[in-house]
>>> print(open('input-v9.txt').read())   # compact mmCIF, C-alpha atoms
# COMPACT_ATOMS: atom_id res chain seq x y z
CA MET G 1 -7.56 9.70 -38.37
CA GLU G 2 -8.56 11.61 -35.28
CA ASN G 3 -10.80 8.77 -34.29
CA ASN G 4 -7.85 6.41 -34.55
CA LEU G 5 -5.82 8.61 -32.25
CA THR G 6 -8.42 8.58 -29.50
CA THR G 7 -8.83 4.83 -29.88
CA ALA G 8 -5.10 4.40 -29.34
CA GLU G 9 -5.29 6.69 -26.32
CA ASP G 10 -8.21 4.73 -24.94
CA LEU G 11 -6.22 1.51 -25.15
CA LYS G 12 -3.27 3.17 -23.44
CA THR G 13 -5.50 4.43 -20.62
CA ILE G 14 -7.07 1.00 -20.23
CA ARG G 15 -3.65 -0.65 -19.89
CA LYS G 16 -2.50 1.95 -17.37
CA ILE G 17 -5.62 1.62 -15.24
CA MET G 18 -5.31 -2.17 -15.28
CA GLU G 19 -1.73 -1.94 -14.05
CA ASP G 20 -2.37 0.81 -11.48
CA SER G 21 -5.29 -1.05 -9.96
CA THR G 22 -3.37 -4.31 -9.54
CA LYS G 23 0.11 -3.03 -8.69
CA PHE G 24 1.21 -0.76 -5.89
CA LEU G 25 3.92 1.36 -7.48
CA SER G 26 4.61 3.79 -4.66
CA ILE G 27 7.46 1.68 -3.30
CA SER G 28 10.56 3.83 -3.27
CA GLY G 29 14.10 2.84 -4.18
CA ILE G 30 15.49 5.29 -1.63
CA SER G 31 13.92 3.28 1.18
CA GLY G 32 15.97 0.24 0.06
CA LEU G 33 19.13 2.32 0.37
CA PHE G 34 18.30 3.54 3.88
CA MET G 35 17.13 0.10 5.02
CA GLY G 36 20.49 -1.28 3.88
CA LEU G 37 22.39 1.38 5.82
CA THR G 38 20.27 0.74 8.94
CA ALA G 39 21.03 -2.98 8.69
CA LEU G 40 24.73 -2.21 8.31
CA ALA G 41 24.70 -0.05 11.45
CA GLY G 42 22.79 -2.82 13.25
CA ALA G 43 25.38 -5.38 12.13
CA LEU G 44 28.19 -3.16 13.39
CA VAL G 45 26.48 -2.91 16.80
CA ALA G 46 26.01 -6.69 16.79
CA TYR G 47 29.69 -7.20 16.00
CA LEU G 48 30.77 -4.91 18.84
CA LEU G 49 28.33 -6.57 21.24
CA SER G 50 29.53 -10.07 20.46
CA ALA G 51 33.17 -9.06 20.97
CA ASP G 52 32.33 -8.90 24.67
CA VAL G 53 32.06 -12.57 25.66
CA ARG G 54 31.82 -12.32 29.44
CA ASN G 55 28.09 -12.87 29.69
CA LEU G 56 26.69 -14.94 26.82
CA ASP G 57 23.03 -14.89 27.90
CA LEU G 58 22.97 -11.13 28.19
CA ILE G 59 24.60 -10.77 24.78
CA MET G 60 21.88 -12.83 23.16
CA TRP G 61 19.21 -10.48 24.46
CA LYS G 62 21.22 -7.44 23.47
CA LEU G 63 21.51 -8.85 19.96
CA VAL G 64 17.77 -9.50 19.88
CA THR G 65 17.07 -5.91 20.93
CA ASP G 66 19.46 -4.75 18.21
CA ALA G 67 17.67 -6.86 15.58
CA ILE G 68 14.22 -5.65 16.67
CA LEU G 69 15.37 -2.02 16.50
CA VAL G 70 16.72 -2.55 12.98
CA LEU G 71 13.45 -4.20 11.95
CA MET G 72 11.31 -1.36 13.37
CA MET G 73 13.52 1.25 11.72
CA SER G 74 13.29 -0.57 8.37
CA ILE G 75 9.50 -0.80 8.50
CA THR G 76 9.28 2.90 9.43
CA ILE G 77 11.62 3.82 6.56
CA ALA G 78 9.66 1.74 4.03
CA PHE G 79 6.35 3.30 5.09
CA TYR G 80 7.72 6.83 5.20
CA PHE G 81 9.20 6.78 1.70
CA SER G 82 6.18 5.01 0.19
CA LEU G 83 3.82 7.55 1.73
CA ARG G 84 6.01 10.35 0.43
CA LYS G 85 6.16 8.91 -3.06
CA ALA G 86 2.40 8.33 -3.16
CA LYS G 87 1.74 11.85 -1.93
CA ARG G 88 4.07 13.40 -4.50
CA ALA G 89 2.42 11.46 -7.31
CA GLY G 90 -1.01 12.49 -6.00
CA LYS G 91 -1.99 8.86 -5.45
CA SER G 92 -3.57 7.42 -2.36
CA PHE G 93 -1.54 5.11 -0.16
CA TRP G 94 -4.36 2.97 1.22
CA THR G 95 -5.77 1.19 -1.79
CA PRO G 96 -7.13 -2.34 -2.18
CA VAL G 97 -3.78 -3.25 -3.77
CA SER G 98 -1.59 -1.85 -1.01
CA LYS G 99 -3.66 -3.70 1.59
CA ARG G 100 -3.31 -6.95 -0.36
CA LEU G 101 0.43 -6.32 -0.67
CA LEU G 102 0.85 -5.79 3.07
CA LEU G 103 -1.19 -8.88 3.91
CA ASN G 104 0.89 -11.00 1.54
CA LEU G 105 4.13 -9.51 2.87
CA PHE G 106 3.36 -9.89 6.55
CA ILE G 107 2.03 -13.46 6.59
CA PRO G 108 5.43 -15.08 5.79
CA LEU G 109 7.28 -12.32 7.67
CA VAL G 110 5.34 -12.82 10.91
CA THR G 111 5.59 -16.62 10.51
CA GLY G 112 9.38 -16.31 10.19
CA GLY G 113 9.51 -13.91 13.15
CA ILE G 114 7.54 -16.29 15.38
CA LEU G 115 9.73 -19.23 14.30
CA ALA G 116 12.84 -17.17 15.12
CA VAL G 117 11.46 -16.41 18.58
CA ILE G 118 10.69 -20.12 19.13
CA LEU G 119 14.25 -21.03 18.10
CA MET G 120 15.60 -18.39 20.44
CA VAL G 121 13.55 -19.55 23.43
CA LYS G 122 14.78 -23.10 22.75
CA SER G 123 18.36 -21.76 22.61
CA GLU G 124 18.77 -22.89 19.00
CA PHE G 125 20.68 -19.83 17.91
CA LEU G 126 22.51 -21.39 14.99
CA TYR G 127 19.75 -21.14 12.39
CA ILE G 128 18.02 -17.92 13.40
CA ILE G 129 19.65 -15.81 10.69
CA PRO G 130 19.03 -18.34 7.88
CA VAL G 131 15.37 -18.53 9.00
CA PHE G 132 15.10 -14.75 8.96
CA LEU G 133 16.62 -14.48 5.49
CA ILE G 134 14.55 -17.31 3.99
CA PHE G 135 11.22 -16.11 5.37
CA TYR G 136 12.01 -12.53 4.40
CA GLY G 137 12.71 -13.77 0.86
CA LEU G 138 9.41 -15.69 0.80
CA ALA G 139 7.61 -12.57 2.03
CA LEU G 140 9.12 -10.50 -0.81
CA ILE G 141 8.20 -13.12 -3.42
CA ASN G 142 4.64 -13.13 -2.13
CA ALA G 143 4.42 -9.33 -2.09
CA GLY G 144 6.15 -9.05 -5.48
CA LYS G 145 2.93 -10.05 -7.23
CA PHE G 146 1.45 -6.70 -6.24
CA THR G 147 4.31 -4.35 -7.06
CA TYR G 148 7.43 -4.03 -9.22
CA SER G 149 8.66 -7.42 -10.41
CA GLU G 150 12.14 -6.58 -9.09
CA VAL G 151 10.83 -7.21 -5.58
CA PHE G 152 10.28 -10.83 -6.61
CA TYR G 153 13.90 -11.18 -7.73
CA LEU G 154 15.17 -9.56 -4.54
CA GLY G 155 13.18 -12.25 -2.70
CA ILE G 156 14.91 -15.01 -4.70
CA LEU G 157 18.32 -13.55 -3.81
CA GLU G 158 17.36 -13.37 -0.11
CA ILE G 159 16.30 -17.02 -0.14
CA ILE G 160 19.58 -18.08 -1.78
CA THR G 161 21.53 -16.04 0.80
CA GLY G 162 19.49 -17.70 3.56
CA LEU G 163 20.11 -21.21 2.25
CA VAL G 164 23.85 -20.62 1.84
CA SER G 165 24.00 -19.14 5.35
CA ALA G 166 22.37 -22.34 6.66
CA ILE G 167 25.31 -24.30 5.17
CA PHE G 168 27.82 -21.97 6.88
CA PRO G 169 26.11 -20.94 10.14
CA SER G 170 29.34 -19.59 11.64
CA GLY G 171 29.39 -16.84 9.01
CA ALA G 172 25.99 -15.56 10.17
CA LEU G 173 27.06 -11.95 10.56
CA PHE G 174 28.53 -11.87 7.07
CA PHE G 175 25.32 -13.25 5.55
CA TRP G 176 23.25 -10.86 7.63
CA ILE G 177 25.24 -7.96 6.16
CA PHE G 178 25.02 -9.38 2.66
CA GLY G 179 21.28 -10.14 2.81
CA PHE G 180 20.02 -7.08 4.62
CA SER G 181 22.60 -4.42 3.73
CA ILE G 182 24.37 -5.11 0.47
CA LEU G 183 21.33 -6.53 -1.34
CA HIS G 184 19.07 -3.72 -0.09
CA ILE G 185 21.52 -0.99 -1.04
CA ALA G 186 22.13 -2.50 -4.49
CA TYR G 187 18.38 -2.95 -4.99
CA GLY G 188 17.64 0.59 -3.79
CA LEU G 189 20.18 2.16 -6.13
CA PHE G 190 19.00 0.03 -9.06
CA MET G 191 15.34 0.93 -8.50
CA TYR G 192 16.12 4.58 -7.96
CA ARG G 193 18.06 4.81 -11.22
CA LYS G 194 15.49 2.82 -13.15
CA TYR G 195 12.26 4.44 -11.97
CA GLU G 196 12.95 7.67 -10.11
CA ALA G 197 16.13 9.38 -11.30
CA MET C 1 -15.11 -0.82 -42.55
CA LYS C 2 -18.57 -1.69 -41.32
CA ASP C 3 -17.27 -4.98 -39.89
CA LEU C 4 -14.59 -3.22 -37.89
CA ILE C 5 -17.03 -0.94 -36.13
CA SER C 6 -19.72 -3.52 -35.52
CA GLY C 7 -17.61 -5.14 -32.79
CA LEU C 8 -17.57 -1.94 -30.74
CA ASN C 9 -20.07 -1.90 -27.92
CA LYS C 10 -22.03 1.29 -27.39
CA VAL C 11 -22.19 0.67 -23.64
CA PHE C 12 -18.46 1.32 -23.36
CA GLU C 13 -18.41 4.59 -25.27
CA SER C 14 -17.08 6.68 -22.40
CA ARG C 15 -13.69 7.11 -20.81
CA ILE C 16 -15.13 6.56 -17.36
CA ARG C 17 -16.92 3.36 -18.32
CA LEU C 18 -13.74 2.08 -19.93
CA GLY C 19 -11.93 2.94 -16.70
CA ILE C 20 -14.49 1.13 -14.55
CA MET C 21 -14.27 -1.95 -16.76
CA SER C 22 -10.45 -1.89 -16.83
CA ILE C 23 -10.40 -2.03 -13.04
CA LEU C 24 -13.11 -4.64 -12.59
CA ILE C 25 -11.71 -7.00 -15.21
CA VAL C 26 -8.43 -7.42 -13.31
CA ASN C 27 -9.80 -7.18 -9.75
CA ASP C 28 -12.39 -9.44 -8.11
CA SER C 29 -14.28 -6.46 -6.77
CA PHE C 30 -13.85 -2.77 -6.04
CA ASP C 31 -16.00 -0.55 -3.86
CA PHE C 32 -17.41 2.84 -4.76
CA ASN C 33 -14.85 4.99 -2.95
CA ASN C 34 -11.89 3.05 -4.26
CA LEU C 35 -13.25 3.35 -7.81
CA LYS C 36 -13.68 7.08 -7.26
CA ASP C 37 -10.08 7.46 -6.08
CA ALA C 38 -8.66 5.33 -8.87
CA LEU C 39 -10.53 7.13 -11.63
CA ASN C 40 -10.48 10.61 -10.13
CA VAL C 41 -14.13 11.40 -10.87
CA THR C 42 -17.02 12.92 -8.93
CA ASP C 43 -19.61 10.89 -7.03
CA GLY C 44 -22.51 11.75 -9.30
CA ASN C 45 -20.61 11.13 -12.49
CA LEU C 46 -19.34 7.75 -11.33
CA ALA C 47 -22.73 6.72 -9.97
CA SER C 48 -24.53 7.42 -13.24
CA HIS C 49 -22.02 5.39 -15.27
CA LEU C 50 -22.13 2.52 -12.77
CA LYS C 51 -25.91 2.55 -12.96
CA ALA C 52 -25.84 2.38 -16.75
CA LEU C 53 -23.43 -0.54 -16.69
CA GLU C 54 -25.53 -2.33 -14.08
CA GLU C 55 -28.73 -1.85 -16.08
CA ASN C 56 -27.04 -3.41 -19.07
CA GLY C 57 -26.06 -6.46 -17.01
CA ILE C 58 -22.35 -5.67 -17.40
CA ILE C 59 -21.67 -5.35 -13.68
CA ARG C 60 -23.46 -6.38 -10.50
CA THR C 61 -23.42 -4.85 -7.04
CA LYS C 62 -23.28 -6.07 -3.50
CA LYS C 63 -24.45 -3.74 -0.77
CA GLN C 64 -23.36 -4.25 2.80
CA PHE C 65 -22.58 -2.33 5.96
CA ILE C 66 -19.06 -1.78 7.19
CA GLY C 67 -19.67 -0.70 10.76
CA ARG C 68 -22.51 1.74 10.27
CA LYS C 69 -21.53 2.94 6.83
CA PRO C 70 -23.21 1.50 3.78
CA ASN C 71 -20.69 0.15 1.30
CA THR C 72 -21.32 -0.94 -2.27
CA SER C 73 -18.96 -3.28 -4.06
CA TYR C 74 -18.99 -3.78 -7.80
CA PHE C 75 -18.27 -7.00 -9.69
CA ILE C 76 -18.08 -7.78 -13.36
CA THR C 77 -20.66 -10.27 -14.66
CA ALA C 78 -19.85 -13.11 -17.05
CA LYS C 79 -21.74 -11.22 -19.74
CA GLY C 80 -19.79 -8.05 -18.95
CA ASP C 81 -16.48 -9.89 -19.07
CA LEU C 82 -17.27 -11.25 -22.52
CA ALA C 83 -18.63 -7.94 -23.80
CA PHE C 84 -15.61 -5.97 -22.64
CA LYS C 85 -13.14 -8.42 -24.15
CA GLU C 86 -14.99 -8.26 -27.46
CA HIS C 87 -14.92 -4.48 -27.28
CA LEU C 88 -11.16 -4.50 -26.67
CA ASN C 89 -10.59 -6.87 -29.58
CA ALA C 90 -12.62 -4.56 -31.80
CA LEU C 91 -10.59 -1.56 -30.68
CA GLU C 92 -7.38 -3.41 -31.44
CA LEU C 93 -8.60 -4.43 -34.89
CA LEU C 94 -9.55 -0.86 -35.62
CA ILE C 95 -6.06 0.35 -34.80
CA LYS C 96 -4.29 -2.40 -36.70
CA SER C 97 -6.40 -1.75 -39.80
CA GLN C 98 -5.01 1.75 -40.29
>>> encode(input="input-v9.txt", output="C-alpha cells")
Amino acid sequence: MENNLTTAEDLKTIRKIMEDSTKFLSISGISGLFMGLTALAGALVAYLLSADVRNLDLIMWKLVTDAILVLMMSITIAFYFSLRKAKRAGKSFWTPVSKRLLLNLFIPLVTGGILAVILMVKSEFLYIIPVFLIFYGLALINAGKFTYSEVFYLGILEIITGLVSAIFPSGALFFWIFGFSILHIAYGLFMYRKYEA
Amino acid sequence: MKDLISGLNKVFESRIRLGIMSILIVNDSFDFNNLKDALNVTDGNLASHLKALEENGIIRTKKQFIGRKPNTSYFITAKGDLAFKEHLNALELLIKSQ
C-alpha cells in the first residue's frame, strides 16, 4: 500500500515537472489589469490630442509618441509582475521556456511594429490600428504555446477585434480601447481570480 | 504481480532520475544549470545521476563552450525515450491494479 502511494506521487511529480519545464507560468493576471488601464489612459490622451485639428502632421507624431509610451509601459508592467510572481514562487525567471516564449512573442510583435512604421512613413494611417491588433493577436497565439492556454484565446479575440476594426477604420479609437484596454482588463481579472486569488 | 513489476526499469528508481527524464522527454535539450534549477538539486547529486543515465545509454551529452564557459547539454536517446515510456506505462499499470 505504501509502495502504491509513492508510485502515485512519482507520477504526480513527473506530470508537474513536464508541465513546469515546458510552460512559463509566472505570467501574472495583475499585469493584464494594469496594461489595460495604461492603454485606457493612452487612448484618452490620443482622444484629447486628436481634438486639436490645427496641425495634422504634428498630431500624428504626438499620437505615435503616445502609442510608444503605452507600449513601453505595458512591457515594463508585464516584466515587473512576472519577475515578482516568479520570485515569490521561488522560481527562476530566465529559463529555457521563458526565453522561447519571448522569442515567439516578439517575432510577430516586431514584424507588426515594423509594418506599422512603414505604413506611417507612407502616410497610410487608416490601417495602422488593425495591423497592430492583428499582429499582437498573432504574437499572443504564438506565445500561448509556452504558457497558460488563456493567452492563446486572448490572441484570437485580439485578431477578431483587429479584423473588425479593418472593416470600420473610422472607429479606430474605439477598437483600440476595446482591444488593448477592455480585453486586457477582463483577461487580467479572469486570470487573477482563476490562478492567484 | 510479477508481471506488473517486471516492466519497471531499475535505472529510473530515483526521484531525481525521474525528474531528469520528465524534463528531457518534453524538451529537445536542457543544459546542466537549467536542470539544476528546475530540479532544485546540488551539482554533485545531479552529476552522478546524469552520469548513470548516460552510462546506460538513456541520455547523451553535447559539450560546447559558450564564450569561455564550458556548457553541457543533455538529450534523450531513442533507447532512453522508449525505456522511459515503458517505465511510465508500468507505473500506471501498477496503480490501476490496486
>>> closest_atom_pairs(input="input-v9.txt", of="chain G", to="chain C", cutoff="8 Å", atoms="only C-alpha atoms", output="CSV")
residue,atom,partner,partner_atom,distance
G:Asn4,CA,C:Ile95,CA,6.3
G:Thr7,CA,C:Leu91,CA,6.7
G:Ala8,CA,C:Ile95,CA,6.9
G:Asp10,CA,C:Arg15,CA,7.3
G:Leu11,CA,C:Leu91,CA,7.7
G:Thr13,CA,C:Gly19,CA,7.7
G:Ile14,CA,C:Ser22,CA,5.6
G:Arg15,CA,C:Ser22,CA,7.6
G:Ile17,CA,C:Ser22,CA,6.2
G:Met18,CA,C:Ser22,CA,5.4
G:Ser21,CA,C:Ile23,CA,6.0
G:Thr22,CA,C:Val26,CA,7.0
G:Ser92,CA,C:Asp37,CA,7.5
G:Thr95,CA,C:Asn34,CA,6.9
G:Pro96,CA,C:Asn34,CA,7.5
>>> closest_residue(input="input-v9.txt", among="G:Glu124, G:Glu158, G:Asp57, G:Glu150", to="Phe175 of chain G", atoms="all atoms listed in the file")
G:Glu158
>>> atom_distance(input="input-v9.txt", atom1="atom CA of Ala166 of chain G", atom2="atom CA of Ala67 of chain G")
18.5 Å
>>> closest_residue(input="input-v9.txt", among="G:Leu101, G:Met35, G:Ala172, G:Val151", to="Phe132 of chain G", atoms="only C-alpha atoms")
G:Ala172
>>> residues_around(input="input-v9.txt", residues="segment 54-59 of chain C", least_positions_apart="3", cutoff="7 Å", atoms="only C-alpha atoms", output="NGL selection string")
:C and (50-51 or 74-77 or 79-80)
>>> residues_around(input="input-v9.txt", residues="segment 78-81 of chain G", least_positions_apart="3", cutoff="9 Å", atoms="only C-alpha atoms", output="list in words")
Ser26, Ile27, Ser28, Gly29, Ile30, Ser31, Gly32, Phe34, Met35, Met73, Ser74, Ile75, Arg84, Lys85 and Ala86 of chain G
>>> closest_residue(input="input-v9.txt", among="G:Ala197, G:Tyr187, G:Leu25, G:Leu69", to="Ala46 of chain G", atoms="only C-alpha atoms")
G:Leu69
